[in-house]
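> If it helps, the file is called query.csv and holds CSV, C-alpha atoms:
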```csv
chain,number,residue,atom,x,y,z
V,253,MET,CA,20.9,3.4,-17.0
V,254,SER,CA,24.6,2.8,-17.5
V,255,ASP,CA,25.5,6.4,-18.5
V,256,ARG,CA,24.2,9.9,-19.2
V,257,ARG,CA,23.6,9.1,-22.9
V,258,ALA,CA,21.5,6.1,-22.0
V,259,ARG,CA,19.4,8.1,-19.6
V,260,SER,CA,18.7,10.8,-22.2
V,261,GLY,CA,17.5,8.2,-24.6
V,262,GLY,CA,20.4,8.3,-27.2
V,263,THR,CA,24.1,8.2,-27.8
V,264,ALA,CA,26.5,10.9,-28.8
V,265,SER,CA,25.9,10.1,-32.5
V,266,GLY,CA,22.2,10.4,-32.1
V,267,ARG,CA,21.4,6.6,-32.2
V,268,SER,CA,19.1,5.2,-29.7
V,269,ARG,CA,20.4,2.7,-27.2
V,270,THR,CA,18.8,-0.6,-26.8
V,271,ILE,CA,17.5,-1.4,-23.3
V,272,ARG,CA,17.4,-5.0,-22.3
V,273,PHE,CA,14.7,-5.9,-19.8
V,274,ARG,CA,13.5,-9.0,-18.0
V,275,SER,CA,10.2,-9.4,-16.2
V,276,SER,CA,8.9,-12.0,-13.8
V,277,LEU,CA,5.4,-10.7,-14.4
V,278,ARG,CA,3.0,-11.1,-17.3
V,279,ASN,CA,0.6,-8.2,-16.7
V,280,VAL,CA,0.3,-4.5,-17.7
V,281,VAL,CA,3.9,-3.9,-16.5
V,282,TYR,CA,5.2,-6.5,-19.0
V,283,ASP,CA,3.0,-5.0,-21.8
V,284,VAL,CA,4.4,-1.5,-21.1
V,285,LEU,CA,8.0,-2.6,-21.0
V,286,HIS,CA,7.5,-4.6,-24.2
V,287,SER,CA,5.9,-1.6,-26.0
V,288,ARG,CA,8.7,0.9,-25.3
V,289,HIS,CA,10.8,1.9,-28.3
V,290,ASN,CA,14.2,0.1,-28.4
V,291,TRP,CA,13.4,-2.0,-25.3
V,292,VAL,CA,13.9,-5.7,-26.0
V,293,GLU,CA,13.1,-8.6,-23.7
V,294,THR,CA,15.8,-11.1,-22.6
V,295,ASP,CA,15.4,-14.3,-20.6
V,296,GLY,CA,19.0,-14.4,-19.5
V,297,ASP,CA,19.6,-14.7,-15.7
V,298,LEU,CA,21.8,-11.6,-15.6
V,299,ASP,CA,21.8,-10.3,-19.2
V,300,TRP,CA,19.5,-7.3,-18.6
V,301,ASP,CA,19.6,-3.6,-17.9
V,302,ILE,CA,16.4,-3.6,-15.8
V,303,PHE,CA,14.6,-6.5,-14.1
V,304,TRP,CA,11.0,-6.2,-13.0
V,305,ALA,CA,11.2,-9.0,-10.5
V,306,ASP,CA,8.8,-10.7,-8.2
V,307,THR,CA,9.5,-10.5,-4.5
V,308,HIS,CA,10.4,-14.2,-4.4
V,309,TRP,CA,13.5,-13.4,-6.6
V,310,ILE,CA,14.5,-10.6,-4.3
V,311,HIS,CA,14.3,-12.8,-1.2
V,312,GLU,CA,15.9,-15.9,-2.7
V,313,THR,CA,18.4,-14.7,-5.3
V,314,PHE,CA,19.3,-11.1,-5.0
V,315,ASP,CA,22.0,-11.6,-2.3
V,316,HIS,CA,23.7,-14.3,-4.4
V,317,VAL,CA,24.3,-12.3,-7.5
V,318,GLN,CA,26.6,-9.4,-8.3
V,319,LEU,CA,25.0,-6.7,-10.4
V,320,GLN,CA,26.9,-4.4,-12.8
V,321,GLU,CA,27.0,-0.6,-12.2
V,322,HIS,CA,24.2,0.1,-14.7
V,323,GLN,CA,21.7,-2.7,-13.7
V,324,ARG,CA,18.5,-1.9,-11.9
V,325,VAL,CA,15.9,-4.1,-10.1
V,326,ASN,CA,12.5,-3.0,-8.9
V,327,HIS,CA,12.6,-3.9,-5.2
V,328,PHE,CA,14.8,-3.0,-2.2
V,329,ARG,CA,15.8,-6.1,-0.2
V,330,ASN,CA,13.6,-5.4,2.8
V,331,HIS,CA,10.8,-3.5,1.0
V,332,TYR,CA,8.4,-5.2,3.3
V,333,GLU,CA,9.2,-2.8,6.1
V,334,LEU,CA,6.6,-0.5,4.5
V,335,THR,CA,4.5,-3.1,2.6
V,336,ARG,CA,3.8,-5.6,5.4
V,337,LYS,CA,0.9,-4.3,7.5
V,338,ASP,CA,2.3,-5.0,10.9
V,339,LEU,CA,5.8,-3.7,10.1
V,340,MET,CA,4.5,-0.5,8.5
V,341,VAL,CA,2.6,0.3,11.7
V,342,LYS,CA,5.6,-0.6,13.8
V,343,ASN,CA,7.8,1.7,11.8
V,344,LEU,CA,5.3,4.6,11.9
V,345,LYS,CA,5.0,4.2,15.7
V,346,ARG,CA,8.7,4.1,16.1
V,347,ALA,CA,9.2,7.2,14.1
V,348,LYS,CA,6.7,9.1,16.2
V,349,LYS,CA,8.3,8.0,19.4
V,350,ALA,CA,11.8,9.0,18.2
V,351,LEU,CA,10.5,12.5,17.5
V,352,GLU,CA,8.9,12.7,20.9
V,353,LYS,CA,12.2,11.7,22.6
V,354,GLU,CA,13.9,14.5,20.7
V,355,ALA,CA,11.2,16.9,22.1
V,356,ARG,CA,10.0,17.5,18.5
V,357,TYR,CA,6.4,17.3,19.6
V,358,MET,CA,4.8,19.1,16.7
V,359,GLN,CA,6.5,16.8,14.2
V,360,ALA,CA,5.5,13.8,16.3
V,361,ALA,CA,1.9,15.0,16.4
V,362,SER,CA,1.8,15.0,12.6
V,363,TYR,CA,2.1,11.2,12.6
V,364,ASP,CA,-1.6,11.0,13.2
V,365,PHE,CA,-2.5,9.7,9.8
V,366,PHE,CA,-2.9,6.0,10.6
V,367,PRO,CA,-5.7,4.4,12.7
V,368,GLN,CA,-5.1,3.1,16.2
V,369,THR,CA,-3.6,-0.3,15.6
V,370,PHE,CA,-2.6,-3.4,17.6
V,371,SER,CA,-0.4,-6.3,16.3
V,372,LEU,CA,-1.9,-9.7,17.1
V,373,PRO,CA,-1.3,-12.0,18.8
V,374,SER,CA,1.6,-10.1,20.6
V,375,GLU,CA,-0.6,-7.1,21.6
V,376,TYR,CA,-3.9,-9.0,22.1
V,377,SER,CA,-4.2,-8.2,25.8
V,378,MET,CA,-3.6,-4.5,25.1
V,379,PHE,CA,-6.3,-4.6,22.4
V,380,VAL,CA,-8.7,-6.3,24.8
V,381,ASP,CA,-8.1,-3.6,27.4
V,382,GLU,CA,-8.7,-0.9,24.8
V,383,PHE,CA,-11.8,-2.6,23.5
V,384,LYS,CA,-13.3,-3.0,27.0
V,385,LYS,CA,-12.6,0.7,27.6
V,386,SER,CA,-13.9,2.3,24.4
V,387,GLY,CA,-15.6,-0.4,22.4
V,388,GLY,CA,-16.4,0.5,18.8
V,389,VAL,CA,-15.9,-1.4,15.5
V,390,TRP,CA,-12.5,-2.8,14.6
V,391,ILE,CA,-11.1,-4.3,11.4
V,392,MET,CA,-9.0,-7.4,11.4
V,393,LYS,CA,-6.4,-7.7,8.6
V,394,PRO,CA,-3.8,-10.6,8.1
V,395,SER,CA,-0.4,-9.1,8.2
V,396,GLY,CA,1.0,-10.9,5.2
V,397,ARG,CA,-1.8,-11.2,2.7
V,398,ALA,CA,-3.3,-8.9,0.1
V,399,GLN,CA,-6.4,-8.3,-2.1
V,400,GLY,CA,-8.7,-8.2,0.9
V,401,LYS,CA,-8.1,-11.9,1.8
V,402,GLY,CA,-8.8,-12.8,5.4
V,403,ILE,CA,-10.2,-9.3,6.4
V,404,PHE,CA,-13.3,-9.1,8.7
V,405,LEU,CA,-14.9,-6.6,11.1
V,406,VAL,CA,-15.7,-7.1,14.7
V,407,SER,CA,-17.9,-5.2,17.2
V,408,LYS,CA,-17.8,-7.9,19.9
V,409,LEU,CA,-14.8,-9.8,21.2
V,410,SER,CA,-16.7,-13.1,20.6
V,411,GLN,CA,-16.5,-12.4,16.9
V,412,MET,CA,-12.7,-13.0,17.1
V,413,ASN,CA,-13.2,-16.6,18.4
V,414,ASP,CA,-12.3,-18.2,15.0
V,415,TRP,CA,-9.0,-16.2,14.9
V,416,ARG,CA,-8.2,-16.6,18.6
V,417,THR,CA,-8.6,-20.4,18.7
V,418,GLY,CA,-6.6,-20.8,15.6
V,419,GLY,CA,-8.1,-24.1,14.6
V,420,SER,CA,-11.5,-23.5,13.0
V,421,GLY,CA,-10.3,-20.7,10.6
V,422,VAL,CA,-11.2,-17.1,10.0
V,423,ARG,CA,-14.4,-16.3,8.1
V,424,THR,CA,-13.8,-14.0,5.2
V,425,GLY,CA,-17.3,-13.3,3.8
V,426,GLY,CA,-18.6,-16.7,2.6
V,427,SER,CA,-15.4,-18.6,2.9
V,428,VAL,CA,-13.3,-19.8,5.8
V,429,TYR,CA,-9.5,-19.6,5.9
V,430,ALA,CA,-8.0,-22.5,7.9
V,431,CYS,CA,-5.2,-21.5,10.3
V,432,GLN,CA,-3.9,-25.0,10.5
V,433,GLY,CA,-3.8,-25.1,14.3
V,434,GLN,CA,-1.9,-21.8,14.9
V,435,VAL,CA,-2.9,-18.2,15.2
V,436,GLU,CA,-2.1,-16.2,12.1
V,437,ASN,CA,-0.5,-12.8,12.5
V,438,TYR,CA,-3.0,-10.0,12.2
V,439,ILE,CA,-3.3,-6.3,12.8
V,440,CYS,CA,-6.4,-5.0,14.5
V,441,GLN,CA,-7.3,-1.4,13.6
V,442,ARG,CA,-10.0,0.9,14.8
V,443,TYR,CA,-12.4,1.0,11.9
V,444,LEU,CA,-12.8,4.4,10.1
V,445,ASP,CA,-16.6,4.6,10.5
V,446,ASN,CA,-17.0,8.1,9.0
V,447,PRO,CA,-15.6,7.7,5.4
V,448,TYR,CA,-16.2,10.4,2.8
V,449,LEU,CA,-19.0,9.0,0.6
V,450,ILE,CA,-19.8,9.6,-3.1
V,451,GLY,CA,-23.2,8.3,-4.2
V,452,GLY,CA,-23.6,6.9,-0.7
V,453,LYS,CA,-20.7,4.5,-1.2
V,454,LYS,CA,-17.3,4.1,0.4
V,455,PHE,CA,-14.1,4.4,-1.6
V,456,ASP,CA,-10.3,4.6,-1.1
V,457,LEU,CA,-7.5,6.0,-3.1
V,458,ARG,CA,-4.7,4.0,-4.8
V,459,LEU,CA,-1.7,6.3,-5.2
V,460,TYR,CA,1.7,5.4,-6.7
V,461,ALA,CA,5.1,6.6,-5.4
V,462,LEU,CA,8.4,5.7,-7.2
V,463,VAL,CA,11.4,5.7,-4.9
V,464,THR,CA,14.7,5.8,-6.7
V,465,SER,CA,16.8,6.2,-3.5
V,466,PHE,CA,16.5,6.1,0.3
V,467,SER,CA,19.9,7.8,0.8
V,468,PRO,CA,19.1,10.5,0.2
V,469,LEU,CA,15.3,10.0,-0.1
V,470,VAL,CA,14.2,10.6,-3.7
V,471,VAL,CA,10.5,10.0,-4.5
V,472,TYR,CA,8.2,10.8,-7.3
V,473,LEU,CA,4.4,10.8,-6.7
V,474,TYR,CA,2.4,9.8,-9.7
V,475,ARG,CA,-0.3,12.4,-10.5
V,476,SER,CA,-3.0,10.2,-11.8
V,477,GLY,CA,-4.0,7.5,-9.3
V,478,PHE,CA,-7.6,6.4,-8.9
V,479,CYS,CA,-10.4,5.7,-6.4
V,480,ARG,CA,-11.8,2.2,-5.8
V,481,PHE,CA,-15.4,2.0,-4.8
V,482,SER,CA,-17.6,-0.5,-3.0
V,483,THR,CA,-20.7,-1.8,-4.8
V,484,THR,CA,-23.1,-1.3,-1.9
V,485,ARG,CA,-24.2,1.8,-0.1
V,486,PHE,CA,-22.4,2.5,3.2
V,487,THR,CA,-24.0,1.8,6.5
V,488,MET,CA,-22.7,1.0,10.0
V,489,HIS,CA,-25.8,-1.0,10.9
V,490,LYS,CA,-24.8,-3.9,13.2
V,491,ASP,CA,-26.5,-6.4,10.8
V,492,ASP,CA,-24.2,-5.3,8.0
V,493,ILE,CA,-20.8,-5.4,9.8
V,494,GLN,CA,-19.8,-8.6,8.0
V,495,ASN,CA,-20.9,-7.4,4.6
V,496,ASN,CA,-17.6,-7.0,2.7
V,497,MET,CA,-19.4,-5.4,-0.3
V,498,ILE,CA,-20.1,-2.5,2.0
V,499,HIS,CA,-16.9,-2.2,3.9
V,500,LEU,CA,-14.0,-3.4,1.6
V,501,THR,CA,-13.0,-1.6,-1.6
V,502,ASN,CA,-10.5,-4.2,-2.9
V,503,VAL,CA,-11.3,-5.0,-6.5
V,504,ALA,CA,-10.6,-8.7,-5.9
V,505,VAL,CA,-13.5,-8.6,-3.3
V,506,GLN,CA,-15.9,-6.4,-5.2
V,507,LYS,CA,-15.6,-8.4,-8.4
V,508,ALA,CA,-17.7,-11.1,-6.7
V,509,GLY,CA,-20.6,-8.7,-6.2
V,510,LYS,CA,-23.7,-8.8,-8.3
V,511,ASP,CA,-23.5,-5.0,-8.8
V,512,TYR,CA,-19.9,-4.9,-9.9
V,513,ASP,CA,-19.3,-2.7,-12.9
V,514,ALA,CA,-16.7,-4.6,-15.0
V,515,ARG,CA,-16.4,-1.8,-17.5
V,516,SER,CA,-15.2,0.8,-15.0
V,517,GLY,CA,-13.8,-1.8,-12.5
V,518,GLN,CA,-15.4,0.3,-9.8
V,519,LYS,CA,-12.7,2.9,-10.4
V,520,PHE,CA,-12.8,6.7,-10.6
V,521,ALA,CA,-9.9,8.9,-11.8
V,522,LEU,CA,-8.1,10.9,-9.1
V,523,ARG,CA,-8.4,14.1,-11.2
V,524,ASP,CA,-12.2,13.6,-11.4
V,525,LEU,CA,-12.3,13.2,-7.6
V,526,LYS,CA,-10.5,16.5,-7.2
V,527,LEU,CA,-13.0,18.2,-9.5
V,528,LEU,CA,-15.9,16.8,-7.6
V,529,LEU,CA,-14.4,17.9,-4.3
V,530,LEU,CA,-13.8,21.4,-5.6
V,531,ALA,CA,-17.5,21.5,-6.5
V,532,ARG,CA,-18.4,20.6,-2.9
V,533,HIS,CA,-15.8,22.3,-0.8
V,534,PRO,CA,-13.7,25.5,-0.8
V,535,ARG,CA,-10.6,25.3,-2.9
V,536,GLU,CA,-8.4,25.9,0.2
V,537,ALA,CA,-9.9,22.8,1.9
V,538,VAL,CA,-9.3,20.6,-1.2
V,539,GLN,CA,-5.7,21.9,-1.7
V,540,GLY,CA,-5.1,21.2,2.0
V,541,LEU,CA,-6.3,17.6,1.6
V,542,PHE,CA,-4.0,16.9,-1.3
V,543,SER,CA,-1.1,18.6,0.5
V,544,GLN,CA,-1.7,16.3,3.5
V,545,ILE,CA,-1.7,13.3,1.2
V,546,THR,CA,1.7,14.2,-0.2
V,547,GLU,CA,3.0,14.7,3.4
V,548,LEU,CA,1.6,11.3,4.4
V,549,VAL,CA,3.4,9.6,1.5
V,550,THR,CA,6.7,11.3,2.4
V,551,LYS,CA,6.4,10.7,6.2
V,552,ALA,CA,5.7,7.0,5.7
V,553,LEU,CA,8.9,6.8,3.6
V,554,LEU,CA,10.9,8.8,6.2
V,555,ALA,CA,9.7,6.3,8.9
V,556,VAL,CA,11.5,3.5,7.1
V,557,GLN,CA,14.4,5.4,5.6
V,558,ASN,CA,16.9,4.2,8.2
V,559,THR,CA,15.6,0.7,8.1
V,560,ILE,CA,15.5,0.0,4.4
V,561,ILE,CA,18.7,-1.5,3.1
V,562,HIS,CA,19.8,1.1,0.5
V,563,ASP,CA,21.3,-0.2,-2.7
V,564,LYS,CA,22.0,2.0,-5.8
V,565,HIS,CA,20.8,-0.9,-8.0
V,566,CYS,CA,17.2,-0.8,-6.5
V,567,PHE,CA,14.1,1.3,-7.0
V,568,GLU,CA,10.6,0.7,-5.7
V,569,LEU,CA,7.1,1.5,-7.0
V,570,TYR,CA,4.9,1.6,-3.9
V,571,GLY,CA,1.1,1.5,-4.1
V,572,TYR,CA,-0.4,3.5,-1.2
V,573,ASP,CA,-4.0,2.9,-0.1
V,574,VAL,CA,-5.5,6.0,1.5
V,575,MET,CA,-8.9,6.8,2.8
V,576,ILE,CA,-10.5,10.2,3.3
V,577,ASP,CA,-13.0,10.8,6.1
V,578,ARG,CA,-15.9,13.3,6.2
V,579,GLU,CA,-13.6,16.0,7.7
V,580,LEU,CA,-11.4,15.7,4.6
V,581,LYS,CA,-8.6,14.1,6.6
V,582,PRO,CA,-6.5,11.4,4.8
V,583,TRP,CA,-5.7,8.1,6.5
V,584,LEU,CA,-3.0,5.7,5.4
V,585,LEU,CA,-4.4,2.1,5.3
V,586,GLU,CA,-1.4,0.2,3.8
V,587,GLY,CA,1.4,0.1,1.3
V,588,ASN,CA,1.9,-2.4,-1.5
V,589,ALA,CA,5.1,-3.7,-3.0
V,590,SER,CA,3.6,-5.1,-6.2
V,591,PRO,CA,0.6,-2.8,-6.7
V,592,SER,CA,-2.0,-3.5,-9.4
```
Can you present the structure in this file as structure tokens?

Amino acid sequence: MSDRRARSGGTASGRSRTIRFRSSLRNVVYDVLHSRHNWVETDGDLDWDIFWADTHWIHETFDHVQLQEHQRVNHFRNHYELTRKDLMVKNLKRAKKALEKEARYMQAASYDFFPQTFSLPSEYSMFVDEFKKSGGVWIMKPSGRAQGKGIFLVSKLSQMNDWRTGGSGVRTGGSVYACQGQVENYICQRYLDNPYLIGGKKFDLRLYALVTSFSPLVVYLYRSGFCRFSTTRFTMHKDDIQNNMIHLTNVAVQKAGKDYDARSGQKFALRDLKLLLLARHPREAVQGLFSQITELVTKALLAVQNTIIHDKHCFELYGYDVMIDRELKPWLLEGNASPS
């Protein structure tokens, strides 16, 4: 806000200050902004205190306007350094190598919270060499898409033919995405085949981190978060590799399943997960898990700290997707710039 009085919610005389907001979105974010006391909506191009913008506005307009001291917008210019799948992995690998060059081997070794990953097509030959050496199941994810679109699993190189040829499309569980004659950028990750299960089903965590500054790094981790469940019991049977209802937890994917629970949205509160884990495991193990998750969030941000274009007018609400394996180890799957 523009001054200390605005940040504290009032003026020197005790009167509340009106906050003008603008929103590109018409979802729960808009509803929350609209419901706040003394917050009023404006549709003016620059007549606002806070603008909850879509990423298109950031990319197309931000560099062509001059904001006043008090104005705030909800994205950094190159937020995609953490939220585009291939760039996130690139930055994590680079951070780890930088620590190794400085002989800070213990810190470098702690960057072990993301699966082995190759960026395709640039690292395709490296992936093939690794696949021929170690085999296993791998998950293919389009670098620039969200909501589970275009994701598929492979256990044979021949299952990548649609992607590799670039002309016939990529099968995404009942539909085919046309690549229009060119290979789409993907990441290929070693699939986490030992996920922690509840009720026999796979789940991941959606966590929220609010970054108000990258220089210095200032981040607030939201306590509540939630788990997202698949609708079908987990199995690694070869006949079920292409079943997205088993292997993907994205709500956009699971909503199409016949067993989808619309009332719960296939979600489970983070606090309830912690209580369940405490009933199954020693307190020290559960506390260690959540400490590792906090460290994971922080280290991912540190990996892009020197890459993000810092601007005092910007903040970012990141959505982290994290999976826990049977050893209670957390794994970072991806970050989201406009999390649901």
> Quick one: residues within 7 Å of region 518-524 of chain V, only C-alpha atoms, excluding same-chain residues fewer than 5 positions away - as a list in words?
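That gives Ser476, Gly477, Phe478, Cys479, Arg480, Phe481, Tyr512 and Asp513 of chain V.
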> Kindly indicate which residue among V:Ser465, V:Gln359, V:Thr313, V:Ser395 lies nearest to Val435 (chain V), using only C-alpha atoms for the distances.
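With only C-alpha atoms as the atom set, the closest residue is V:Ser395.
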> From (-4.6, 13.9, 11.0), in the file's coordinates, out to 9 Å: which residues are reached, counting only C-alpha atoms? Answer as a list of chain:residue names.
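With a cut-off of 9 Å, the residues come to V:Ala361, V:Ser362, V:Tyr363, V:Asp364, V:Phe365, V:Phe366, V:Gln544, V:Lys581, V:Pro582, V:Trp583.
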> Just write the chosen residues, C-alpha atoms, as a compact mmCIF listing (two decimals), in the frame of the given file.

```txt
# COMPACT_ATOMS: atom_id res chain seq x y z
CA ALA V 361 1.90 15.00 16.40
CA SER V 362 1.80 15.00 12.60
CA TYR V 363 2.10 11.20 12.60
CA ASP V 364 -1.60 11.00 13.20
CA PHE V 365 -2.50 9.70 9.80
CA PHE V 366 -2.90 6.00 10.60
CA GLN V 544 -1.70 16.30 3.50
CA LYS V 581 -8.60 14.10 6.60
CA PRO V 582 -6.50 11.40 4.80
CA TRP V 583 -5.70 8.10 6.50
```
> Any chance you could tabulate, as CSV, the residues of region 294-388 of chain V at most 8 Å from region 553-575 of chain V with each one's nearest atom pair and distance in Å to one decimal, using all atoms listed in the file, in chain and rising number order?

```
residue,atom,partner,partner_atom,distance
V:Leu319,CA,V:His565,CA,7.6
V:Glu321,CA,V:His565,CA,7.5
V:His322,CA,V:His565,CA,7.6
V:Gln323,CA,V:His565,CA,6.0
V:Arg324,CA,V:His565,CA,4.6
V:Val325,CA,V:Cys566,CA,5.1
V:Asn326,CA,V:Phe567,CA,5.0
V:His327,CA,V:Glu568,CA,5.0
V:Phe328,CA,V:Cys566,CA,5.4
V:Arg329,CA,V:Ile561,CA,6.4
V:Asn330,CA,V:Ile560,CA,5.9
V:His331,CA,V:Ile560,CA,6.8
V:Glu333,CA,V:Val556,CA,6.8
V:Leu334,CA,V:Val556,CA,6.8
V:Asn343,CA,V:Ala555,CA,5.8
V:Leu344,CA,V:Ala555,CA,5.6
V:Arg346,CA,V:Ala555,CA,7.6
V:Ala347,CA,V:Ala555,CA,5.3
```
> Can you work out which one of V:Arg278, V:Gly452, V:Ala461, V:Ile493 has the shortest atom-to-atom distance to Gln411 (chain V), counting all atoms listed in the file?
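Looking at the shortest contact to Gln411 (chain V), the residue is V:Ile493.
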> Find the distance between CA of Glu586 (chain V) and CA of Arg336 (chain V) and write it in Å to one decimal.
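Interatomic distance, CA of Glu586 (chain V) to CA of Arg336 (chain V): 8.0 Å.
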> Between CA of Ser467 (chain V) and CA of Asp338 (chain V), measure the distance and give it in Å to one decimal.
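Result for CA of Ser467 (chain V) versus CA of Asp338 (chain V): 24.0 Å, one decimal.
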> When you draw a straight line from CA of Asp456 (chain V) to CA of Leu469 (chain V), how long is it in Å?
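Here the two named atoms are 26.2 Å from each other.
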